[in-house]
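**Student:** Hey, dropping protein24.txt in here, compact mmCIF, N, CA and C atoms:
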# COMPACT_ATOMS: atom_id res chain seq x y z
N MET A 1 -17.56 6.53 3.66
CA MET A 1 -16.85 5.85 4.73
C MET A 1 -15.35 5.98 4.51
N THR A 2 -14.64 6.43 5.50
CA THR A 2 -13.18 6.56 5.38
C THR A 2 -12.51 5.33 5.96
N THR A 3 -11.23 5.20 5.63
CA THR A 3 -10.49 4.04 6.09
C THR A 3 -9.47 4.44 7.15
N SER A 4 -8.85 3.43 7.74
CA SER A 4 -7.92 3.63 8.84
C SER A 4 -6.81 2.59 8.72
N PRO A 5 -5.79 2.69 9.59
CA PRO A 5 -4.77 1.63 9.59
C PRO A 5 -5.37 0.24 9.83
N GLU A 6 -6.41 0.17 10.65
CA GLU A 6 -7.05 -1.12 10.91
C GLU A 6 -7.72 -1.66 9.65
N SER A 7 -8.30 -0.76 8.84
CA SER A 7 -8.91 -1.17 7.57
C SER A 7 -7.85 -1.75 6.65
N LEU A 8 -6.72 -1.06 6.54
CA LEU A 8 -5.64 -1.54 5.68
C LEU A 8 -5.16 -2.91 6.15
N ARG A 9 -4.96 -3.05 7.42
CA ARG A 9 -4.49 -4.32 7.98
C ARG A 9 -5.47 -5.46 7.65
N ARG A 10 -6.74 -5.23 7.89
CA ARG A 10 -7.77 -6.25 7.65
C ARG A 10 -7.81 -6.65 6.17
N ILE A 11 -7.80 -5.66 5.29
CA ILE A 11 -7.86 -5.94 3.85
C ILE A 11 -6.59 -6.65 3.39
N ALA A 12 -5.44 -6.11 3.75
CA ALA A 12 -4.15 -6.66 3.30
C ALA A 12 -3.99 -8.11 3.74
N LEU A 13 -4.37 -8.41 4.97
CA LEU A 13 -4.20 -9.77 5.47
C LEU A 13 -5.22 -10.75 4.90
N GLY A 14 -6.20 -10.23 4.18
CA GLY A 14 -7.18 -11.08 3.52
C GLY A 14 -6.72 -11.63 2.18
N PHE A 15 -5.60 -11.13 1.67
CA PHE A 15 -5.08 -11.62 0.39
C PHE A 15 -4.33 -12.93 0.59
N PRO A 16 -4.36 -13.80 -0.42
CA PRO A 16 -3.67 -15.09 -0.30
C PRO A 16 -2.19 -14.95 0.08
N GLU A 17 -1.82 -15.70 1.12
CA GLU A 17 -0.45 -15.79 1.62
C GLU A 17 0.15 -14.46 2.10
N ALA A 18 -0.70 -13.46 2.34
CA ALA A 18 -0.21 -12.18 2.89
C ALA A 18 0.04 -12.34 4.38
N TYR A 19 1.07 -11.67 4.86
CA TYR A 19 1.36 -11.69 6.29
C TYR A 19 1.95 -10.34 6.70
N GLU A 20 1.93 -10.09 7.99
CA GLU A 20 2.43 -8.83 8.54
C GLU A 20 3.72 -9.08 9.31
N ASP A 21 4.67 -8.19 9.14
CA ASP A 21 5.87 -8.18 9.97
C ASP A 21 6.31 -6.72 10.10
N LEU A 22 7.50 -6.50 10.60
CA LEU A 22 8.02 -5.15 10.75
C LEU A 22 9.13 -4.90 9.74
N HIS A 23 9.16 -3.69 9.20
CA HIS A 23 10.24 -3.25 8.34
C HIS A 23 10.58 -1.83 8.77
N ARG A 24 11.80 -1.66 9.26
CA ARG A 24 12.23 -0.34 9.76
C ARG A 24 11.25 0.22 10.78
N ARG A 25 10.83 -0.63 11.71
CA ARG A 25 9.93 -0.29 12.82
C ARG A 25 8.52 0.10 12.37
N ARG A 26 8.15 -0.31 11.17
CA ARG A 26 6.80 -0.03 10.67
C ARG A 26 6.11 -1.36 10.33
N PRO A 27 4.79 -1.43 10.56
CA PRO A 27 4.06 -2.62 10.13
C PRO A 27 4.12 -2.72 8.61
N ALA A 28 4.59 -3.86 8.11
CA ALA A 28 4.71 -4.09 6.68
C ALA A 28 3.91 -5.33 6.31
N PHE A 29 3.33 -5.31 5.13
CA PHE A 29 2.52 -6.41 4.64
C PHE A 29 3.21 -6.99 3.42
N ARG A 30 3.43 -8.30 3.47
CA ARG A 30 4.22 -8.98 2.45
C ARG A 30 3.47 -10.16 1.87
N VAL A 31 3.93 -10.53 0.68
CA VAL A 31 3.54 -11.79 0.04
C VAL A 31 4.78 -12.28 -0.68
N GLY A 32 5.08 -13.56 -0.52
CA GLY A 32 6.28 -14.10 -1.14
C GLY A 32 7.55 -13.40 -0.70
N GLY A 33 7.55 -12.87 0.52
CA GLY A 33 8.72 -12.18 1.05
C GLY A 33 8.86 -10.74 0.60
N LYS A 34 7.98 -10.25 -0.26
CA LYS A 34 8.08 -8.89 -0.79
C LYS A 34 7.00 -7.99 -0.19
N ILE A 35 7.38 -6.76 0.13
CA ILE A 35 6.46 -5.80 0.72
C ILE A 35 5.54 -5.23 -0.36
N PHE A 36 4.23 -5.23 -0.05
CA PHE A 36 3.28 -4.56 -0.94
C PHE A 36 2.62 -3.36 -0.27
N ALA A 37 2.73 -3.24 1.05
CA ALA A 37 2.17 -2.09 1.76
C ALA A 37 2.86 -1.93 3.11
N MET A 38 2.94 -0.69 3.59
CA MET A 38 3.46 -0.38 4.93
C MET A 38 2.61 0.72 5.54
N LEU A 39 2.40 0.60 6.83
CA LEU A 39 1.68 1.64 7.57
C LEU A 39 2.64 2.68 8.11
N GLY A 40 2.16 3.89 8.22
CA GLY A 40 2.94 4.94 8.85
C GLY A 40 2.93 4.81 10.36
N VAL A 41 3.94 5.37 10.98
CA VAL A 41 4.05 5.40 12.44
C VAL A 41 4.44 6.83 12.81
N ALA A 42 3.66 7.45 13.68
CA ALA A 42 3.94 8.83 14.09
C ALA A 42 5.37 8.96 14.58
N GLY A 43 6.09 9.93 14.03
CA GLY A 43 7.45 10.23 14.47
C GLY A 43 8.54 9.42 13.79
N GLU A 44 8.21 8.42 12.99
CA GLU A 44 9.20 7.59 12.30
C GLU A 44 9.28 8.02 10.83
N ALA A 45 10.29 8.78 10.46
CA ALA A 45 10.34 9.35 9.11
C ALA A 45 11.53 8.91 8.28
N ALA A 46 12.27 7.91 8.66
CA ALA A 46 13.53 7.56 8.01
C ALA A 46 13.46 7.43 6.49
N LEU A 47 13.18 6.27 5.96
CA LEU A 47 13.23 6.03 4.52
C LEU A 47 12.10 6.73 3.77
N PHE A 48 10.90 6.70 4.30
CA PHE A 48 9.74 7.34 3.67
C PHE A 48 9.24 8.45 4.60
N PRO A 49 9.68 9.69 4.40
CA PRO A 49 9.28 10.78 5.30
C PRO A 49 7.77 10.95 5.42
N GLY A 50 7.04 10.62 4.37
CA GLY A 50 5.59 10.74 4.41
C GLY A 50 4.91 9.76 5.33
N LEU A 51 5.66 8.80 5.85
CA LEU A 51 5.07 7.80 6.75
C LEU A 51 5.23 8.16 8.22
N ALA A 52 5.56 9.40 8.52
CA ALA A 52 5.70 9.82 9.91
C ALA A 52 4.36 10.24 10.49
N ASN A 53 3.29 9.64 10.00
CA ASN A 53 1.94 9.98 10.39
C ASN A 53 1.11 8.69 10.41
N ASP A 54 0.32 8.50 11.44
CA ASP A 54 -0.49 7.29 11.57
C ASP A 54 -1.59 7.18 10.50
N ASP A 55 -1.92 8.28 9.83
CA ASP A 55 -2.97 8.30 8.81
C ASP A 55 -2.42 7.98 7.42
N MET A 56 -1.13 7.68 7.32
CA MET A 56 -0.51 7.45 6.02
C MET A 56 -0.08 5.99 5.87
N ALA A 57 0.01 5.58 4.62
CA ALA A 57 0.55 4.26 4.27
C ALA A 57 1.31 4.45 2.96
N VAL A 58 2.09 3.45 2.60
CA VAL A 58 2.77 3.44 1.31
C VAL A 58 2.52 2.06 0.70
N VAL A 59 2.30 2.05 -0.62
CA VAL A 59 2.09 0.80 -1.34
C VAL A 59 3.04 0.74 -2.53
N LYS A 60 3.30 -0.46 -3.00
CA LYS A 60 4.17 -0.69 -4.16
C LYS A 60 3.28 -1.05 -5.34
N LEU A 61 3.17 -0.13 -6.31
CA LEU A 61 2.32 -0.35 -7.47
C LEU A 61 3.14 -0.50 -8.73
N ASP A 62 2.58 -1.19 -9.70
CA ASP A 62 3.11 -1.19 -11.05
C ASP A 62 3.07 0.28 -11.52
N ARG A 63 4.04 0.69 -12.31
CA ARG A 63 4.13 2.11 -12.70
C ARG A 63 2.85 2.60 -13.39
N GLU A 64 2.28 1.79 -14.27
CA GLU A 64 1.05 2.20 -14.95
C GLU A 64 -0.11 2.33 -13.96
N ASP A 65 -0.23 1.36 -13.05
CA ASP A 65 -1.27 1.45 -12.01
C ASP A 65 -1.05 2.69 -11.14
N GLN A 66 0.21 2.97 -10.81
CA GLN A 66 0.51 4.13 -10.00
C GLN A 66 0.03 5.42 -10.69
N LEU A 67 0.39 5.58 -11.94
CA LEU A 67 0.00 6.78 -12.68
C LEU A 67 -1.52 6.91 -12.78
N ASN A 68 -2.21 5.80 -13.02
CA ASN A 68 -3.67 5.83 -13.11
C ASN A 68 -4.32 6.16 -11.77
N MET A 69 -3.83 5.56 -10.70
CA MET A 69 -4.42 5.81 -9.38
C MET A 69 -4.15 7.24 -8.91
N VAL A 70 -2.95 7.75 -9.16
CA VAL A 70 -2.64 9.13 -8.78
C VAL A 70 -3.50 10.10 -9.59
N ALA A 71 -3.70 9.82 -10.88
CA ALA A 71 -4.55 10.68 -11.70
C ALA A 71 -6.00 10.67 -11.20
N ALA A 72 -6.47 9.51 -10.77
CA ALA A 72 -7.85 9.39 -10.29
C ALA A 72 -8.06 9.98 -8.90
N HIS A 73 -6.99 10.00 -8.08
CA HIS A 73 -7.08 10.47 -6.69
C HIS A 73 -5.89 11.38 -6.35
N PRO A 74 -5.72 12.50 -7.06
CA PRO A 74 -4.52 13.32 -6.85
C PRO A 74 -4.40 13.93 -5.46
N GLU A 75 -5.51 14.07 -4.75
CA GLU A 75 -5.47 14.66 -3.42
C GLU A 75 -5.16 13.62 -2.34
N VAL A 76 -5.16 12.35 -2.71
CA VAL A 76 -5.03 11.28 -1.73
C VAL A 76 -3.79 10.40 -1.95
N LEU A 77 -3.38 10.24 -3.20
CA LEU A 77 -2.22 9.41 -3.55
C LEU A 77 -1.11 10.28 -4.12
N THR A 78 0.13 10.01 -3.70
CA THR A 78 1.29 10.76 -4.16
C THR A 78 2.47 9.81 -4.31
N PRO A 79 3.14 9.82 -5.47
CA PRO A 79 4.37 9.02 -5.57
C PRO A 79 5.38 9.53 -4.54
N THR A 80 6.14 8.62 -3.95
CA THR A 80 7.14 9.04 -2.98
C THR A 80 8.24 9.82 -3.69
N GLU A 81 8.89 10.71 -2.95
CA GLU A 81 9.91 11.57 -3.54
C GLU A 81 11.10 10.76 -4.08
N SER A 82 11.62 9.86 -3.29
CA SER A 82 12.83 9.13 -3.66
C SER A 82 12.59 7.87 -4.47
N TYR A 83 11.45 7.21 -4.25
CA TYR A 83 11.23 5.91 -4.86
C TYR A 83 9.95 5.84 -5.68
N GLY A 84 9.37 6.99 -6.01
CA GLY A 84 8.13 7.01 -6.77
C GLY A 84 8.25 6.35 -8.13
N HIS A 85 9.40 6.49 -8.76
CA HIS A 85 9.59 5.87 -10.08
C HIS A 85 9.62 4.34 -9.99
N HIS A 86 9.78 3.80 -8.78
CA HIS A 86 9.73 2.35 -8.57
C HIS A 86 8.33 1.90 -8.16
N GLY A 87 7.38 2.81 -8.15
CA GLY A 87 5.99 2.47 -7.83
C GLY A 87 5.56 2.75 -6.41
N TRP A 88 6.49 3.16 -5.54
CA TRP A 88 6.11 3.44 -4.15
C TRP A 88 5.24 4.69 -4.11
N THR A 89 4.08 4.55 -3.49
CA THR A 89 3.06 5.59 -3.52
C THR A 89 2.45 5.78 -2.13
N TYR A 90 2.41 7.03 -1.68
CA TYR A 90 1.78 7.34 -0.40
C TYR A 90 0.27 7.36 -0.54
N LEU A 91 -0.43 6.92 0.51
CA LEU A 91 -1.88 6.98 0.60
C LEU A 91 -2.27 7.71 1.87
N GLN A 92 -3.22 8.61 1.78
CA GLN A 92 -3.80 9.21 2.98
C GLN A 92 -5.04 8.38 3.30
N LEU A 93 -4.94 7.56 4.31
CA LEU A 93 -5.99 6.58 4.60
C LEU A 93 -7.35 7.20 4.88
N SER A 94 -7.41 8.24 5.68
CA SER A 94 -8.71 8.80 6.08
C SER A 94 -9.46 9.44 4.92
N ALA A 95 -8.79 9.68 3.80
CA ALA A 95 -9.44 10.29 2.64
C ALA A 95 -9.86 9.26 1.59
N LEU A 96 -9.61 7.98 1.85
CA LEU A 96 -9.97 6.92 0.91
C LEU A 96 -11.22 6.19 1.35
N SER A 97 -12.02 5.78 0.37
CA SER A 97 -13.15 4.92 0.68
C SER A 97 -12.63 3.49 0.83
N GLU A 98 -13.41 2.65 1.46
CA GLU A 98 -13.04 1.25 1.62
C GLU A 98 -12.86 0.58 0.25
N ALA A 99 -13.75 0.88 -0.69
CA ALA A 99 -13.66 0.28 -2.03
C ALA A 99 -12.37 0.69 -2.73
N ASP A 100 -11.99 1.97 -2.63
CA ASP A 100 -10.76 2.43 -3.26
C ASP A 100 -9.53 1.80 -2.61
N LEU A 101 -9.54 1.70 -1.28
CA LEU A 101 -8.41 1.07 -0.59
C LEU A 101 -8.28 -0.39 -1.00
N LYS A 102 -9.40 -1.11 -1.11
CA LYS A 102 -9.36 -2.51 -1.54
C LYS A 102 -8.74 -2.63 -2.93
N LEU A 103 -9.15 -1.76 -3.84
CA LEU A 103 -8.61 -1.81 -5.20
C LEU A 103 -7.12 -1.53 -5.20
N ILE A 104 -6.69 -0.50 -4.50
CA ILE A 104 -5.27 -0.13 -4.47
C ILE A 104 -4.44 -1.24 -3.84
N LEU A 105 -4.90 -1.81 -2.75
CA LEU A 105 -4.16 -2.90 -2.11
C LEU A 105 -4.13 -4.15 -2.98
N ARG A 106 -5.21 -4.40 -3.68
CA ARG A 106 -5.23 -5.55 -4.60
C ARG A 106 -4.20 -5.37 -5.70
N LEU A 107 -4.11 -4.17 -6.26
CA LEU A 107 -3.11 -3.88 -7.29
C LEU A 107 -1.70 -4.04 -6.74
N ALA A 108 -1.48 -3.55 -5.52
CA ALA A 108 -0.15 -3.65 -4.89
C ALA A 108 0.20 -5.11 -4.62
N TRP A 109 -0.76 -5.87 -4.07
CA TRP A 109 -0.52 -7.29 -3.80
C TRP A 109 -0.15 -8.01 -5.09
N ARG A 110 -0.92 -7.79 -6.13
CA ARG A 110 -0.68 -8.48 -7.40
C ARG A 110 0.66 -8.09 -8.01
N HIS A 111 1.09 -6.86 -7.79
CA HIS A 111 2.37 -6.41 -8.35
C HIS A 111 3.56 -7.20 -7.80
N VAL A 112 3.49 -7.62 -6.55
CA VAL A 112 4.63 -8.32 -5.95
C VAL A 112 4.38 -9.81 -5.71
N ALA A 113 3.14 -10.26 -5.80
CA ALA A 113 2.81 -11.66 -5.51
C ALA A 113 3.39 -12.60 -6.57
N PRO A 114 3.80 -13.79 -6.16
CA PRO A 114 4.25 -14.78 -7.14
C PRO A 114 3.11 -15.08 -8.13
N GLN A 115 3.46 -15.28 -9.38
CA GLN A 115 2.45 -15.51 -10.42
C GLN A 115 1.55 -16.71 -10.12
N ARG A 116 2.05 -17.69 -9.39
CA ARG A 116 1.23 -18.86 -9.08
C ARG A 116 0.01 -18.49 -8.24
N LEU A 117 0.06 -17.32 -7.55
CA LEU A 117 -1.08 -16.88 -6.73
C LEU A 117 -2.09 -16.04 -7.50
N TRP A 118 -1.71 -15.53 -8.64
CA TRP A 118 -2.59 -14.62 -9.39
C TRP A 118 -3.98 -15.20 -9.66
N PRO A 119 -4.09 -16.47 -10.05
CA PRO A 119 -5.44 -16.99 -10.33
C PRO A 119 -6.35 -16.94 -9.11
N THR A 120 -5.80 -16.90 -7.92
CA THR A 120 -6.62 -16.87 -6.71
C THR A 120 -7.27 -15.51 -6.50
N MET A 121 -6.77 -14.47 -7.20
CA MET A 121 -7.31 -13.13 -7.04
C MET A 121 -7.93 -12.57 -8.31
N GLY A 122 -7.62 -13.12 -9.48
CA GLY A 122 -8.11 -12.53 -10.73
C GLY A 122 -7.46 -11.20 -10.99
N ARG A 123 -7.96 -10.41 -11.88
CA ARG A 123 -7.39 -9.09 -12.19
C ARG A 123 -8.36 -8.01 -11.90
Please re-express this file's structure in structure tokens.
**Tutor:**
Amino acid sequence: MTTSPESLRRIALGFPEAYEDLHRRRPAFRVGGKIFAMLGVAGEAALFPGLANDDMAVVKLDREDQLNMVAAHPEVLTPTESYGHHGWTYLQLSALSEADLKLILRLAWRHVAPQRLWPTMGR
């Protein structure tokens, strides 16, 4: 089963205190005011050129999580060119399973979520 922008939205908004807003004309998912995921929008390539496609998303991962996820899914996950060293990682949604997307989004949420929320999600 492949995933879609709707899958990402549903999963991301299921995390404690997660909400959706816009960042640079893209749907962004935040917790505690910090972005943990953004959806791509066709034709919008400003800050993250890889997000100029509706099938793409970017997530903010801990560097170790980023390296592990990219190693496990090299054809689907790619560190961003400009901000990859900060954990920003592109995802090709249609090539991910629902289980993999849930894991990646959980890691991204936990990376930016306030520590007081961590017990609500576990590790």
**Student:** Find the residues around Val70 (chain A) up to 12 Å (only C-alpha atoms counted), leave out those fewer than 2 positions away in its own chain, and share them as a list of chain:residue names.
**Tutor:**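 What passes the distance filter is A:Leu61, A:Arg63, A:Glu64, A:Asp65, A:Gln66, A:Leu67, A:Asn68, A:Ala72, A:His73, A:Pro74, A:Glu75, A:Val76, A:Leu77, A:Thr78, A:Pro79, A:Thr80, A:Gly84, A:Gly87, A:Trp88, A:Thr89, A:Tyr90, A:Leu91, A:Gln92, A:Asp100, A:Ile104.
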**Student:** Tell me which of A:Phe36, A:Ser94, A:Asn53, A:Ala99 sits closest to Val112 (chain A), counting only N, CA and C atoms.
**Tutor:**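 Of all the options, A:Phe36 lies closest to Val112 (chain A).
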**Student:** Could you name the residues that touch Glu98 (chain A) at 10 Å or less, counting only C-alpha atoms, but leaving out those on the same chain fewer than 4 positions away, as an MDAnalysis selection string?
**Tutor:** chainID A and resid 1:4 7:8 11 93:94 102:104
**Student:** Check the smallest atom-to-atom distance from each of A:Ile35, A:Ala42, A:Leu117, A:Ala12 to Leu105 (chain A) using all atoms listed in the file, then report the winner.
**Tutor:**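 Looking at the shortest contact to Leu105 (chain A), the residue is A:Ala12.
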**Student:** Residues near His23 (chain A), anyone? I mean within 10 Å using only C-alpha atoms, not counting same-chain ones fewer than 6 positions away, as a list in words.
**Tutor:** Phe29, Ile35, Met38 and Leu39 of chain A
**Student:** Report as a VMD selection string: the residues of chain A with a DSSP assignment of strand (DSSP E), based on the backbone of this structure.
**Tutor:** chain A and resid 19 to 23 26 to 31 34 to 39 56 to 60 77 to 79 88 to 92
**Student:** Between CA of Gly40 (chain A) and CA of His111 (chain A), what is the distance in Å, rounded to a tenth?
**Tutor:**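 CA of His111 (chain A) lies 20.6 Å from CA of Gly40 (chain A).
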**Student:** Kindly indicate which residue among A:Leu107, A:Ala95, A:Ala18, A:Leu51 lies nearest to Lys34 (chain A), using only C-alpha atoms for the distances.
**Tutor:**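 For Lys34 (chain A), the nearest of the candidates is A:Ala18.
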**Student:** Would you compute the distance between CA of Tyr19 (chain A) and CA of Gly32 (chain A)? Give it in Å to one decimal.
**Tutor:**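 Between CA of Tyr19 (chain A) and CA of Gly32 (chain A) the gap works out to 9.2 Å.
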**Student:** Between A:Ala37, A:Leu13, A:Met121, A:Leu22, which residue has the minimum interatomic distance to Lys60 (chain A), considering only N, CA and C atoms?
**Tutor:** A:Ala37
**Student:** Determine the nearest neighbour of Gln115 (chain A) from the options A:Leu101, A:Ala52, A:Val59, A:Val31, counting only C-alpha atoms.
**Tutor:** A:Val31
